[in-house]
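Taking it in order: structure first as structure tokens, then the write-up.
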Amino acid sequence: MRVDPRSTAASLPTPSVDAAAHSARLVQHIAQQIAAAGGWIGFDRYMDLALYAPGLGYYTAGARKFGDSSTGGDFVTAPEISPLFADALAAQVAQVVQMLEQRAARVLEFGAGSGALARDLLAALGARGIEVERYEIVEVSAELRDRQRARLAHTPVVRWLDAPPRQFEGVIVANEVLDVLPVQLFVGGADGVLERGVAWRGDRFVFEDRPAGAALRDAVVGIEADLGVLPAGYCSEMGLIARAWTASLAGALARGVALLIDYGFPRREYYHPQRSMGTIMCHYRHHAHADPFWLPGLTDITAHVDFTAVADAAHAAGLDVLGYTTQAHFLLNCGLLHAAQAATGTARHAAAAAAQRLVSEAEMGELFKVLAVGRGIEWRPALLGVAAGDRLHTL
């Protein structure tokens with residue numbers, strides 16, 4: 001859950017000597033990449049290196065990421081908060097299984113994190129009497145894949161894939177995947193669209209602007225055609241990689257539903273004139289801050305999702321856009337409160353507290369959204385998760 005108030009660098013916890021040395025190695029690696037590129041790289045390239053450089057990036061180097069502050073984690077995602085999240089998701093999976101007339105469920109999860117969602121979703125489907133034929137995971141981090149294998153060692157239906165399958169039929173789940181796909185930064189002004197990239201000056205990274213390439217420039221022009229000319233000096237992100245990733249789902253999904261769960265906004269809210277500094281957030285030991293150059297390799301870097309762009313990309317690739325709603329509406333539609341109230345004894349208080357975190361407007365309920373896309377199913381009446389509170393008209 002990456003919604004903490006932002007901290008200043010001075011208030012952030014001090015890393016260990018070994019951790020600081022690890023970050024310094026990544027800094028040198030990125031600086032060398034900048035030099036090799038002629039002294040400047042786009043922010044998307046910087047973000048990719050900071051998060052995914054082999055053996056050095058945040059998601060590839062082995063540092064603990066998921067969990068509360070007592071366990072050394074940097075943030076908590078919904079599946080780690082409570083099995084209630086997976087239990088509600090199981091209700092939606094069960095409906096799709098029925099729509100597809102499948103004998104057993106097939107699930108494909110992208111970016112399975114700690115493996116908590118896979119474990120709890122399999123248990124919840126089993127409790128509903130739904131057999132799972134296979135549960136496949138696409139995970140780019142070898143370190144996270146090892147952790148998932150350890151957690152799911154006794155679940156033979158789980159297997160890991162290096163790339164998405166072709167002609168998949170079932171339910172695809174991507175929880176907090178889109179927000180960590182690298183983004184480009186742009187700045188609008190009298191001189192046209194600029195791309196904000198990264199240079200190395202002296203002993204530190206700095207932002208530096210250059211004229212934007214055609215793809216980025218055209219994307220900004222498209223936004224202005226929809227919303228009007230952005231104010232001079234307006235800075236934000238462009239998730240072209242997220243669009244391409246979403247379009248790629250069309251190559252994987254033959255029949256079924258993909259559930260994209262993340263925090264973000266429709267385009268009109270994302271590029272609101274008052275949101276003039278973008279949405280980049282960084283996370284370290286449950287502290288959020290706005291400096292992506294602070295201890296790269298130890299700090300998560302994320303950007304909110306433009307759900308209008310994601311929905312448009314899915315539609316253009318041939319997928320049906322089935323619904324869009326808040327996490328609160330989705331979970332409540334799928335029976336979250338009933339499951340929480342079914343808890344007994346001391347577990348009932350914990351279930352109530354977890355439900356509050358998952359659906360409260362002040363926690364995850366409003367900021368996090370669920371976009372459902374699919375192919376080859378009769379989806380009227382609506383999918384269970386978007387039966388009430390569908391906001392598709394806002395995209």
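We label chains A, B, ... in the order they appear in the structure tokens, count residues from 1 in each chain, and number ligands from 1 in the order shown.
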Pick out each residue of stretch 195-376 of chain A that DSSP on the backbone tags as strand (DSSP E); I need them as a PyMOL selection string.
chain A and resi 195-201+204-211+235-238+253-265+281-284+287-289+300-302+305-306+320-326+368-375
Please provide as JSON, numbers by chain all residues within 7 Å of A:Met99, with the sequence filter that same-chain residues fewer than 3 positions apart are discarded (counting only C-alpha atoms).
{"A": [95, 96, 377]}
Here is a test: counting only C-alpha atoms, which residue of A:His289, A:Arg134, A:Arg275, A:His349 is nearest to A:Leu12?
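Closest to A:Leu12, using only C-alpha atoms: A:His289.
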Within 12 Å of A:Gln274 using only C-alpha atoms, minus same-chain residues under 3 positions, as number ranges by chain
A: 230-231, 233-236, 268-271, 277-279
Could you pull the residues within 12 Å of A:Thr246, counting only C-alpha atoms, minus those fewer than 5 positions along the same chain, as an MDAnalysis selection string?
chainID A and resid 110 172 174 177:178 181 239:241 251:253 258:260 305:319 321 371:374
